[in-house]
$ cat final-v1.cif   # mmCIF, C-alpha atoms and all ligand atoms
data_my_file
loop_
_atom_site.group_PDB
_atom_site.id
_atom_site.type_symbol
_atom_site.label_atom_id
_atom_site.label_comp_id
_atom_site.auth_asym_id
_atom_site.auth_seq_id
_atom_site.Cartn_x
_atom_site.Cartn_y
_atom_site.Cartn_z
ATOM 1 C CA MET X 1 78.550 135.687 168.348
ATOM 2 C CA LYS X 2 80.687 133.327 170.393
ATOM 3 C CA THR X 3 83.925 134.936 171.650
ATOM 4 C CA GLU X 4 86.595 133.193 173.676
ATOM 5 C CA ILE X 5 89.265 135.185 175.533
ATOM 6 C CA ARG X 6 92.906 134.102 175.605
ATOM 7 C CA GLN X 7 95.319 135.826 177.976
ATOM 8 C CA ALA X 8 98.927 136.435 176.958
ATOM 9 C CA GLN X 9 101.522 133.934 178.198
ATOM 10 C CA HIS X 10 105.026 134.640 179.479
ATOM 11 C CA PRO X 11 107.551 132.205 177.940
ATOM 12 C CA GLU X 12 108.595 131.096 181.455
ATOM 13 C CA ASN X 13 105.013 129.982 182.024
ATOM 14 C CA ALA X 14 104.559 128.564 178.525
ATOM 15 C CA LYS X 15 107.563 126.245 178.831
ATOM 16 C CA ALA X 16 106.050 124.626 181.930
ATOM 17 C CA LEU X 17 102.743 123.781 180.221
ATOM 18 C CA ASP X 18 101.810 120.205 179.371
ATOM 19 C CA THR X 19 100.141 119.206 176.091
ATOM 20 C CA ALA X 20 96.643 120.145 177.253
ATOM 21 C CA GLY X 21 97.902 123.485 178.614
ATOM 22 C CA LEU X 22 99.695 124.373 175.379
ATOM 23 C CA ARG X 23 96.559 123.546 173.407
ATOM 24 C CA ARG X 24 94.299 125.532 175.758
ATOM 25 C CA HIS X 25 96.398 128.682 175.460
ATOM 26 C CA PHE X 26 97.753 128.569 171.907
ATOM 27 C CA LEU X 27 95.490 126.414 169.704
ATOM 28 C CA VAL X 28 92.169 127.611 168.290
ATOM 29 C CA GLU X 29 90.340 124.344 167.676
ATOM 30 C CA THR X 30 86.956 125.439 166.350
ATOM 31 C CA LEU X 31 86.791 128.356 163.960
ATOM 32 C CA PHE X 32 83.903 127.314 161.755
ATOM 33 C CA GLU X 33 80.465 126.598 163.176
ATOM 34 C CA PRO X 34 77.907 126.183 160.363
ATOM 35 C CA GLY X 35 75.637 129.229 160.214
ATOM 36 C CA ALA X 36 77.685 131.258 162.711
ATOM 37 C CA ILE X 37 80.630 133.589 163.291
ATOM 38 C CA THR X 38 83.055 132.704 166.088
ATOM 39 C CA PHE X 39 85.985 134.677 167.502
ATOM 40 C CA THR X 40 88.912 134.031 169.760
ATOM 41 C CA TYR X 41 90.178 137.271 171.295
ATOM 42 C CA SER X 42 93.871 136.979 172.121
ATOM 43 C CA HIS X 43 95.560 139.553 174.325
ATOM 44 C CA VAL X 44 98.672 138.914 172.237
ATOM 45 C CA ASP X 45 98.649 142.154 170.178
ATOM 46 C CA ARG X 46 94.828 142.109 170.633
ATOM 47 C CA LEU X 47 94.491 139.814 167.652
ATOM 48 C CA MET X 48 90.991 138.576 166.971
ATOM 49 C CA ILE X 49 90.939 135.232 165.193
ATOM 50 C CA GLY X 50 87.621 134.352 163.632
ATOM 51 C CA GLY X 51 85.644 132.152 161.323
ATOM 52 C CA ALA X 52 82.435 132.924 159.440
ATOM 53 C CA ALA X 53 80.565 129.946 157.983
ATOM 54 C CA PRO X 54 77.367 131.269 156.346
ATOM 55 C CA LEU X 55 74.812 128.820 154.941
ATOM 56 C CA ALA X 56 71.503 129.970 153.384
ATOM 57 C CA GLU X 57 71.423 133.212 155.380
ATOM 58 C CA SER X 58 74.045 135.935 155.467
ATOM 59 C CA LEU X 59 75.864 136.552 158.748
ATOM 60 C CA GLU X 60 76.275 140.003 160.225
ATOM 61 C CA LEU X 61 79.515 141.044 161.897
ATOM 62 C CA THR X 62 78.552 142.486 165.272
ATOM 63 C CA ALA X 63 80.731 143.831 168.087
ATOM 64 C CA PRO X 64 81.228 141.350 170.929
ATOM 65 C CA PRO X 65 81.164 142.893 174.447
ATOM 66 C CA ALA X 66 84.862 141.946 174.752
ATOM 67 C CA ILE X 67 85.891 144.870 172.518
ATOM 68 C CA GLY X 68 83.658 147.514 174.097
ATOM 69 C CA THR X 69 82.767 149.422 170.931
ATOM 70 C CA ALA X 70 79.431 149.929 169.170
ATOM 71 C CA SER X 71 80.582 148.298 165.951
ATOM 72 C CA PHE X 72 83.257 145.680 165.325
ATOM 73 C CA LEU X 73 85.391 147.936 163.129
ATOM 74 C CA ALA X 74 84.947 151.182 165.105
ATOM 75 C CA ARG X 75 88.630 150.968 166.111
ATOM 76 C CA ARG X 76 89.747 147.880 164.177
ATOM 77 C CA GLU X 77 90.598 146.582 160.725
ATOM 78 C CA LEU X 78 90.263 143.029 159.423
ATOM 79 C CA GLY X 79 91.310 140.640 156.707
ATOM 80 C CA ALA X 80 89.112 137.727 155.593
ATOM 81 C CA PHE X 81 90.156 134.851 153.328
ATOM 82 C CA ASN X 82 87.602 132.574 151.709
ATOM 83 C CA VAL X 83 88.712 128.937 152.076
ATOM 84 C CA GLY X 84 85.377 127.396 151.073
ATOM 85 C CA GLY X 85 82.989 127.609 148.103
ATOM 86 C CA PRO X 86 82.135 130.890 146.338
ATOM 87 C CA GLY X 87 81.109 133.645 148.739
ATOM 88 C CA ARG X 88 80.275 137.313 149.098
ATOM 89 C CA VAL X 89 81.253 139.955 151.598
ATOM 90 C CA LEU X 90 78.989 142.994 151.844
ATOM 91 C CA VAL X 91 80.579 146.158 153.200
ATOM 92 C CA ASP X 92 78.373 149.234 153.696
ATOM 93 C CA GLY X 93 76.122 148.273 150.804
ATOM 94 C CA GLN X 94 78.862 147.194 148.398
ATOM 95 C CA THR X 95 79.102 143.546 147.389
ATOM 96 C CA HIS X 96 82.478 141.838 146.936
ATOM 97 C CA GLU X 97 82.644 138.393 145.306
ATOM 98 C CA LEU X 98 85.247 136.075 146.842
ATOM 99 C CA ASP X 99 86.139 132.785 145.202
ATOM 100 C CA THR X 100 88.134 130.312 147.208
ATOM 101 C CA ARG X 101 91.528 131.831 148.171
ATOM 102 C CA ASP X 102 90.452 135.395 147.479
ATOM 103 C CA ALA X 103 90.688 137.833 150.378
ATOM 104 C CA ILE X 104 89.215 141.120 151.460
ATOM 105 C CA TYR X 105 90.686 143.878 153.611
ATOM 106 C CA ILE X 106 88.067 145.923 155.471
ATOM 107 C CA GLY X 107 89.171 149.246 156.901
ATOM 108 C CA MET X 108 88.321 150.958 160.172
ATOM 109 C CA GLY X 109 84.887 152.546 160.331
ATOM 110 C CA ALA X 110 82.955 150.158 158.085
ATOM 111 C CA GLU X 111 79.639 149.518 159.794
ATOM 112 C CA GLY X 112 77.530 147.057 157.873
ATOM 113 C CA VAL X 113 79.604 143.938 157.222
ATOM 114 C CA ARG X 114 77.946 140.675 156.178
ATOM 115 C CA PHE X 115 79.301 137.340 155.042
ATOM 116 C CA GLU X 116 77.338 135.058 152.725
ATOM 117 C CA SER X 117 77.585 131.904 150.643
ATOM 118 C CA VAL X 118 76.600 131.878 146.971
ATOM 119 C CA ASP X 119 75.313 128.302 147.367
ATOM 120 C CA ALA X 120 74.441 126.854 150.786
ATOM 121 C CA ALA X 121 75.194 123.373 149.368
ATOM 122 C CA ASN X 122 78.812 124.445 148.724
ATOM 123 C CA PRO X 123 79.220 127.055 151.465
ATOM 124 C CA ALA X 124 81.904 129.709 151.722
ATOM 125 C CA ARG X 125 84.120 129.723 154.824
ATOM 126 C CA PHE X 126 85.866 132.955 155.786
ATOM 127 C CA TYR X 127 88.947 132.894 157.984
ATOM 128 C CA ILE X 128 89.226 136.276 159.702
ATOM 129 C CA LEU X 129 92.052 138.087 161.486
ATOM 130 C CA SER X 130 91.551 141.528 163.033
ATOM 131 C CA THR X 131 93.888 144.013 164.738
ATOM 132 C CA PRO X 132 93.355 147.428 166.338
ATOM 133 C CA ALA X 133 93.553 150.332 163.855
ATOM 134 C CA HIS X 134 94.161 154.072 164.170
ATOM 135 C CA ARG X 135 93.061 155.333 160.742
ATOM 136 C CA ARG X 136 90.767 154.338 157.938
ATOM 137 C CA CYS X 137 92.401 152.504 155.048
ATOM 138 C CA GLU X 138 90.431 151.658 151.944
ATOM 139 C CA THR X 139 88.418 148.440 151.856
ATOM 140 C CA ARG X 140 89.780 146.259 149.065
ATOM 141 C CA LEU X 141 89.146 142.911 147.459
ATOM 142 C CA ILE X 142 92.403 141.050 146.791
ATOM 143 C CA LYS X 143 92.011 138.223 144.290
ATOM 144 C CA ARG X 144 94.434 135.292 144.494
ATOM 145 C CA ALA X 145 96.110 136.454 141.257
ATOM 146 C CA GLU X 146 96.692 139.959 142.673
ATOM 147 C CA ALA X 147 98.735 138.744 145.642
ATOM 148 C CA LYS X 148 102.501 139.201 145.395
ATOM 149 C CA THR X 149 104.165 135.800 145.226
ATOM 150 C CA MET X 150 107.581 134.602 146.391
ATOM 151 C CA HIS X 151 109.028 131.192 145.554
ATOM 152 C CA VAL X 152 111.141 129.783 148.385
ATOM 153 C CA GLY X 153 112.652 126.490 149.600
ATOM 154 C CA ASP X 154 113.539 123.356 147.659
ATOM 155 C CA ILE X 155 112.450 119.723 147.471
ATOM 156 C CA THR X 156 115.682 118.377 149.016
ATOM 157 C CA ASN X 157 114.699 120.196 152.225
ATOM 158 C CA SER X 158 110.999 119.341 151.744
ATOM 159 C CA ASN X 159 110.158 123.067 152.032
ATOM 160 C CA LYS X 160 109.480 124.232 148.465
ATOM 161 C CA ARG X 161 106.544 126.614 148.685
ATOM 162 C CA VAL X 162 104.893 129.722 147.306
ATOM 163 C CA ILE X 163 104.338 132.600 149.723
ATOM 164 C CA ALA X 164 101.511 134.881 148.555
ATOM 165 C CA GLN X 165 101.343 138.310 150.190
ATOM 166 C CA TYR X 166 97.815 139.738 150.135
ATOM 167 C CA ILE X 167 97.673 142.438 152.803
ATOM 168 C CA LEU X 168 101.044 144.108 152.967
ATOM 169 C CA PRO X 169 102.333 147.614 152.090
ATOM 170 C CA GLY X 170 102.624 147.842 148.308
ATOM 171 C CA VAL X 171 99.820 145.347 147.738
ATOM 172 C CA CYS X 172 97.095 146.572 150.088
ATOM 173 C CA ASP X 173 97.407 149.440 152.571
ATOM 174 C CA SER X 174 96.565 148.773 156.252
ATOM 175 C CA CYS X 175 97.410 150.161 159.703
ATOM 176 C CA GLN X 176 99.209 147.165 161.183
ATOM 177 C CA LEU X 177 97.562 144.018 159.853
ATOM 178 C CA VAL X 178 99.565 141.948 157.370
ATOM 179 C CA MET X 179 98.312 138.665 155.901
ATOM 180 C CA GLY X 180 99.133 136.103 153.277
ATOM 181 C CA MET X 181 98.912 132.473 152.284
ATOM 182 C CA THR X 182 101.632 129.874 151.899
ATOM 183 C CA GLN X 183 101.083 126.926 149.591
ATOM 184 C CA LEU X 184 103.432 123.933 149.746
ATOM 185 C CA GLU X 185 104.496 122.365 146.450
ATOM 186 C CA PRO X 186 103.384 118.702 146.158
ATOM 187 C CA GLY X 187 105.592 116.394 148.245
ATOM 188 C CA ASN X 188 106.937 119.232 150.415
ATOM 189 C CA MET X 189 105.957 119.125 154.090
ATOM 190 C CA TRP X 190 107.925 121.812 155.981
ATOM 191 C CA ASN X 191 106.955 125.443 156.335
ATOM 192 C CA THR X 192 109.034 128.260 157.783
ATOM 193 C CA MET X 193 112.133 126.136 158.411
ATOM 194 C CA PRO X 194 114.794 127.540 158.842
ATOM 195 C CA CYS X 195 112.624 129.377 161.360
ATOM 196 C CA HIS X 196 112.584 132.851 162.844
ATOM 197 C CA VAL X 197 111.124 135.059 165.544
ATOM 198 C CA HIS X 198 110.039 138.723 165.426
ATOM 199 C CA ASP X 199 109.375 140.097 168.890
ATOM 200 C CA ARG X 200 107.989 143.251 167.218
ATOM 201 C CA ARG X 201 105.055 141.350 165.780
ATOM 202 C CA SER X 202 102.822 138.487 166.859
ATOM 203 C CA GLU X 203 101.577 135.984 164.326
ATOM 204 C CA VAL X 204 98.753 133.485 163.815
ATOM 205 C CA TYR X 205 99.007 130.421 161.558
ATOM 206 C CA PHE X 206 95.735 128.970 160.236
ATOM 207 C CA TYR X 207 96.136 125.540 158.630
ATOM 208 C CA PHE X 208 93.687 124.222 156.028
ATOM 209 C CA ASP X 209 93.380 121.920 153.003
ATOM 210 C CA LEU X 210 94.430 118.937 155.181
ATOM 211 C CA LYS X 211 92.720 115.681 154.263
ATOM 212 C CA GLU X 212 91.630 113.554 157.223
ATOM 213 C CA PRO X 213 93.426 112.114 159.102
ATOM 214 C CA ALA X 214 96.457 114.289 158.237
ATOM 215 C CA ARG X 215 97.886 116.547 160.939
ATOM 216 C CA VAL X 216 100.452 119.342 161.095
ATOM 217 C CA PHE X 217 103.034 119.238 163.875
ATOM 218 C CA HIS X 218 103.367 122.955 164.565
ATOM 219 C CA PHE X 219 106.534 123.987 166.378
ATOM 220 C CA MET X 220 106.449 126.852 168.850
ATOM 221 C CA GLY X 221 108.357 128.169 171.851
ATOM 222 C CA GLU X 222 111.576 130.088 172.306
ATOM 223 C CA PRO X 223 114.274 128.819 169.906
ATOM 224 C CA GLN X 224 116.126 127.093 172.745
ATOM 225 C CA GLU X 225 112.937 125.723 174.344
ATOM 226 C CA THR X 226 110.772 124.342 171.534
ATOM 227 C CA ARG X 227 107.416 122.632 171.959
ATOM 228 C CA HIS X 228 104.901 121.315 169.470
ATOM 229 C CA VAL X 229 101.141 121.395 169.014
ATOM 230 C CA VAL X 230 99.378 118.827 166.825
ATOM 231 C CA VAL X 231 96.998 120.722 164.545
ATOM 232 C CA ALA X 232 94.044 119.362 162.535
ATOM 233 C CA ASN X 233 92.369 120.840 159.461
ATOM 234 C CA GLU X 234 91.046 124.409 159.831
ATOM 235 C CA GLN X 235 92.629 125.099 163.199
ATOM 236 C CA ALA X 236 94.861 128.052 164.128
ATOM 237 C CA VAL X 237 97.865 128.557 166.407
ATOM 238 C CA ILE X 238 98.725 131.816 168.203
ATOM 239 C CA SER X 239 102.418 132.703 168.015
ATOM 240 C CA PRO X 240 103.551 135.427 170.463
ATOM 241 C CA GLY X 241 106.583 137.515 169.478
ATOM 242 C CA TRP X 242 108.975 135.307 171.463
ATOM 243 C CA SER X 243 107.924 132.102 169.703
ATOM 244 C CA ILE X 244 109.105 130.368 166.570
ATOM 245 C CA HIS X 245 106.335 129.243 164.188
ATOM 246 C CA SER X 246 106.999 126.398 161.829
ATOM 247 C CA GLY X 247 105.252 123.197 160.897
ATOM 248 C CA VAL X 248 105.582 119.835 159.223
ATOM 249 C CA GLY X 249 102.605 117.962 157.814
ATOM 250 C CA THR X 250 101.879 114.250 157.739
ATOM 251 C CA GLY X 251 100.080 115.154 154.482
ATOM 252 C CA ALA X 252 99.590 118.115 152.148
ATOM 253 C CA TYR X 253 98.311 121.394 153.557
ATOM 254 C CA THR X 254 98.137 125.156 152.991
ATOM 255 C CA PHE X 255 98.185 127.885 155.614
ATOM 256 C CA ILE X 256 97.287 131.532 156.097
ATOM 257 C CA TRP X 257 99.610 133.665 158.201
ATOM 258 C CA GLY X 258 98.750 137.016 159.673
ATOM 259 C CA MET X 259 100.548 139.459 161.941
ATOM 260 C CA GLY X 260 100.055 142.570 164.000
ATOM 261 C CA GLY X 261 102.579 144.707 165.858
ATOM 262 C CA ASP X 262 105.068 147.526 165.596
ATOM 263 C CA ASN X 263 106.027 147.303 161.968
ATOM 264 C CA GLN X 264 104.819 145.891 158.653
ATOM 265 C CA ASP X 265 108.233 144.999 157.271
ATOM 266 C CA TYR X 266 107.842 141.386 156.123
ATOM 267 C CA THR X 267 111.633 140.926 155.978
ATOM 268 C CA ASP X 268 112.151 142.074 159.592
ATOM 269 C CA MET X 269 112.761 138.597 161.011
ATOM 270 C CA ASP X 270 115.440 137.299 163.379
ATOM 271 C CA MET X 271 116.495 134.062 161.704
ATOM 272 C CA VAL X 272 117.328 131.188 164.056
ATOM 273 C CA ARG X 273 120.390 129.125 163.174
ATOM 274 C CA MET X 274 119.675 125.378 163.009
ATOM 275 C CA GLU X 275 122.628 124.784 165.379
ATOM 276 C CA ASP X 276 120.931 126.983 167.996
ATOM 277 C CA LEU X 277 117.566 125.183 168.058
ATOM 278 C CA ARG X 278 116.814 123.035 171.093
HETATM 279 O O1 LIG E 301 106.755 136.274 159.306
HETATM 280 C C1 LIG E 301 106.408 135.647 158.253
HETATM 281 C C2 LIG E 301 105.693 134.404 158.413
HETATM 282 O O2 LIG E 301 106.186 133.609 159.462
HETATM 283 C C3 LIG E 301 105.342 133.596 157.182
HETATM 284 O O3 LIG E 301 105.057 134.429 156.099
HETATM 285 C C4 LIG E 301 106.373 132.578 156.768
HETATM 286 C C5 LIG E 301 105.823 131.649 155.745
HETATM 287 O O4 LIG E 301 104.698 131.741 155.335
HETATM 288 C C6 LIG E 301 106.698 130.596 155.260
HETATM 289 O O5 LIG E 301 107.900 130.642 155.515
HETATM 290 O O6 LIG E 301 106.174 129.674 154.605
HETATM 291 ZN ZN ZN E 302 106.962 134.928 161.148
#

$ encode --input "final-v1.cif" --output "structure tokens"
Amino acid sequence: MKTEIRQAQHPENAKALDTAGLRRHFLVETLFEPGAITFTYSHVDRLMIGGAAPLAESLELTAPPAIGTASFLARRELGAFNVGGPGRVLVDGQTHELDTRDAIYIGMGAEGVRFESVDAANPARFYILSTPAHRRCETRLIKRAEAKTMHVGDITNSNKRVIAQYILPGVCDSCQLVMGMTQLEPGNMWNTMPCHVHDRRSEVYFYFDLKEPARVFHFMGEPQETRHVVVANEQAVISPGWSIHSGVGTGAYTFIWGMGGDNQDYTDMDMVRMEDLR
């Protein structure tokens, strides 16, 4: 299992990076390798950002040396969203069926975890985010229709979108991981603007459903020191607690957000006033 390590960045260092430097530290370019599981291990809240792309054979989740435990979930929890064709996730002998946009939460202590595609000709693709855990919460399949939805934004600001909360207290219990999916309404291009920061929690944005050659300009950095990263389909951006996270597409897209940190209060955000952005 391929695992890449990313060290945490101080904002004073981050603001001095050029385009290649920003991409090297904050962008995860390749999540899905056919027939494999890949991980990027970020020292920002010890988030592990992964992709599982099973074909004819199922893929076993093993513990990379980077985490120093016998099994991946010995001291971790994870959320996985299927963004491909129909798939299955096997957890300790139990099979969970995930259609596209369904998710699964897998609690600490699960040992046998496998990802598979129902049809190798229309393979499943699982986007994975994992955080450290301190107790076992119940493994749970969360279908798209079971997520809690919020309707926000409006067309005049090009930010009308549906935020679907999948792993969040009240929907699915977890230690610190929270995850959901935001779907833009047709013709709307901006996400998370007006923007915010939450130094208590770090976040990862995974963009998908972009048609080539569309790109998302993802905005990051401290509110008074913004930068951007150009993101292609099925790539992710790491957002440390000090950074805004917002994007505008040159075409339609959807994204999955996920966080880890000190609290699980979705509304605990420090909104940034437009007048204060630089
Ligand atoms: O802290 C919360 C996250 O940034 C996202 O949930 C925001 C989001 O999906 C959106 O505004 O579209
Ligand atoms: Zn946020």

$ resolve_selection --input "final-v1.cif" --expression "the PyMOL selection byres (((chain X and resi 224-239) around 6) and not hetatm)" --output "PyMOL selection string"
chain X and resi 26-29+202-208+210+215-223+240+243+277-278

$ resolve_selection --input "final-v1.cif" --expression "the PyMOL selection byres (((chain X and resi 99) around 12) and not hetatm)" --output "compact mmCIF listing (two decimals) with C-alpha atoms, in the frame of the given file"
# COMPACT_ATOMS: atom_id res chain seq x y z
CA ALA X 80 89.11 137.73 155.59
CA PHE X 81 90.16 134.85 153.33
CA ASN X 82 87.60 132.57 151.71
CA VAL X 83 88.71 128.94 152.08
CA GLY X 84 85.38 127.40 151.07
CA GLY X 85 82.99 127.61 148.10
CA PRO X 86 82.14 130.89 146.34
CA GLY X 87 81.11 133.65 148.74
CA ARG X 88 80.28 137.31 149.10
CA VAL X 89 81.25 139.96 151.60
CA HIS X 96 82.48 141.84 146.94
CA GLU X 97 82.64 138.39 145.31
CA LEU X 98 85.25 136.07 146.84
CA THR X 100 88.13 130.31 147.21
CA ARG X 101 91.53 131.83 148.17
CA ASP X 102 90.45 135.40 147.48
CA ALA X 103 90.69 137.83 150.38
CA ILE X 104 89.22 141.12 151.46
CA GLU X 116 77.34 135.06 152.72
CA SER X 117 77.58 131.90 150.64
CA VAL X 118 76.60 131.88 146.97
CA ASP X 119 75.31 128.30 147.37
CA ASN X 122 78.81 124.44 148.72
CA PRO X 123 79.22 127.06 151.46
CA ALA X 124 81.90 129.71 151.72
CA ARG X 125 84.12 129.72 154.82
CA PHE X 126 85.87 132.96 155.79
CA LEU X 141 89.15 142.91 147.46
CA ILE X 142 92.40 141.05 146.79
CA LYS X 143 92.01 138.22 144.29
CA ARG X 144 94.43 135.29 144.49
CA ALA X 145 96.11 136.45 141.26

$ residues_around --input "final-v1.cif" --residues "His198 (chain X)" --least-positions-apart "2" --cutoff "8 Å" --atoms "all atoms listed in the file" --output "list in words"
His196, Arg200, Arg201, Ser202, Gly241, Trp242, Asp268, Met269 and Asp270 of chain X

$ resolve_selection --input "final-v1.cif" --expression "the PyMOL selection byres (((chain X and resi 256) around 8) and not hetatm)" --output "list of chain:residue names"
X:Met179, X:Gly180, X:Met181, X:Thr182, X:Tyr205, X:Phe206, X:Tyr207, X:Thr254, X:Phe255, X:Trp257, X:Gly258

$ atom_distance --input "final-v1.cif" --atom1 "CA of Glu185 (chain X)" --atom2 "CA of Met48 (chain X)"
29.4 Å

$ closest_residue --input "final-v1.cif" --among "X:Ile49, X:Leu184, X:Ala36, X:Ala56" --to "ligand LIG 301 (chain E)" --atoms "all atoms listed in the file"
X:Leu184

$ atom_distance --input "final-v1.cif" --atom1 "CA of Ser42 (chain X)" --atom2 "CA of Ala8 (chain X)"
7.0 Å

$ closest_residue --input "final-v1.cif" --among "X:Thr192, X:Gly260, X:Thr267, X:Arg24" --to "ligand LIG 301 (chain E)" --atoms "only C-alpha atoms and all ligand atoms"
X:Thr192

$ closest_residue --input "final-v1.cif" --among "X:Tyr166, X:Trp190, X:Phe115, X:Tyr266" --to "Gly247 (chain X)" --atoms "all atoms listed in the file"
X:Trp190

$ atom_distance --input "final-v1.cif" --atom1 "CA of Pro213 (chain X)" --atom2 "CA of Ala252 (chain X)"
11.1 Å

$ axis_aligned_box --input "final-v1.cif" --around "ligand LIG 301 (chain E)" --padding-each-side "4 Å" --output "AutoDock Vina command-line options"
--center_x 106.3 --center_y 133.0 --center_z 157.0 --size_x 11.2 --size_y 14.6 --size_z 12.9

$ decode --input "final-v1.cif" --residues "region 140-156 of chain X" --atoms "N, CA and C atoms" --output "CSV table (one decimal), in the first residue's frame"
chain,number,residue,atom,x,y,z
X,140,ARG,N,-21.1,1.7,10.5
X,140,ARG,CA,-22.5,2.0,10.0
X,140,ARG,C,-22.5,2.4,8.5
X,141,LEU,N,-23.4,1.8,7.8
X,141,LEU,CA,-23.6,2.3,6.4
X,141,LEU,C,-24.5,3.5,6.4
X,142,ILE,N,-24.1,4.5,5.7
X,142,ILE,CA,-24.9,5.7,5.6
X,142,ILE,C,-25.3,5.9,4.1
X,143,LYS,N,-26.5,5.6,3.7
X,143,LYS,CA,-27.0,5.8,2.4
X,143,LYS,C,-27.1,7.3,2.1
X,144,ARG,N,-27.0,7.7,0.8
X,144,ARG,CA,-27.2,9.1,0.4
X,144,ARG,C,-28.5,9.7,1.1
X,145,ALA,N,-29.6,8.9,1.0
X,145,ALA,CA,-30.8,9.4,1.5
X,145,ALA,C,-30.9,9.6,3.0
X,146,GLU,N,-30.0,9.0,3.7
X,146,GLU,CA,-30.0,9.0,5.2
X,146,GLU,C,-29.2,10.2,5.7
X,147,ALA,N,-28.4,10.8,4.8
X,147,ALA,CA,-27.6,12.0,5.2
X,147,ALA,C,-28.5,13.2,5.5
X,148,LYS,N,-28.1,14.0,6.5
X,148,LYS,CA,-28.9,15.2,6.8
X,148,LYS,C,-28.5,16.3,5.9
X,149,THR,N,-29.5,16.9,5.2
X,149,THR,CA,-29.2,17.9,4.1
X,149,THR,C,-29.6,19.3,4.6
X,150,MET,N,-28.7,20.2,4.1
X,150,MET,CA,-28.9,21.7,4.3
X,150,MET,C,-28.9,22.4,3.0
X,151,HIS,N,-29.8,23.2,2.7
X,151,HIS,CA,-29.8,24.0,1.5
X,151,HIS,C,-29.3,25.4,1.7
X,152,VAL,N,-28.2,25.7,1.1
X,152,VAL,CA,-27.6,27.1,1.3
X,152,VAL,C,-27.2,27.8,0.0
X,153,GLY,N,-27.0,29.1,0.1
X,153,GLY,CA,-26.6,29.9,-1.0
X,153,GLY,C,-27.7,30.2,-2.0
X,154,ASP,N,-27.4,31.0,-3.0
X,154,ASP,CA,-28.4,31.3,-4.0
X,154,ASP,C,-27.7,31.6,-5.3
X,155,ILE,N,-28.5,31.5,-6.4
X,155,ILE,CA,-27.9,31.6,-7.8
X,155,ILE,C,-27.3,33.0,-8.1
X,156,THR,N,-27.8,34.0,-7.4
X,156,THR,CA,-27.2,35.4,-7.7
X,156,THR,C,-25.8,35.5,-7.2
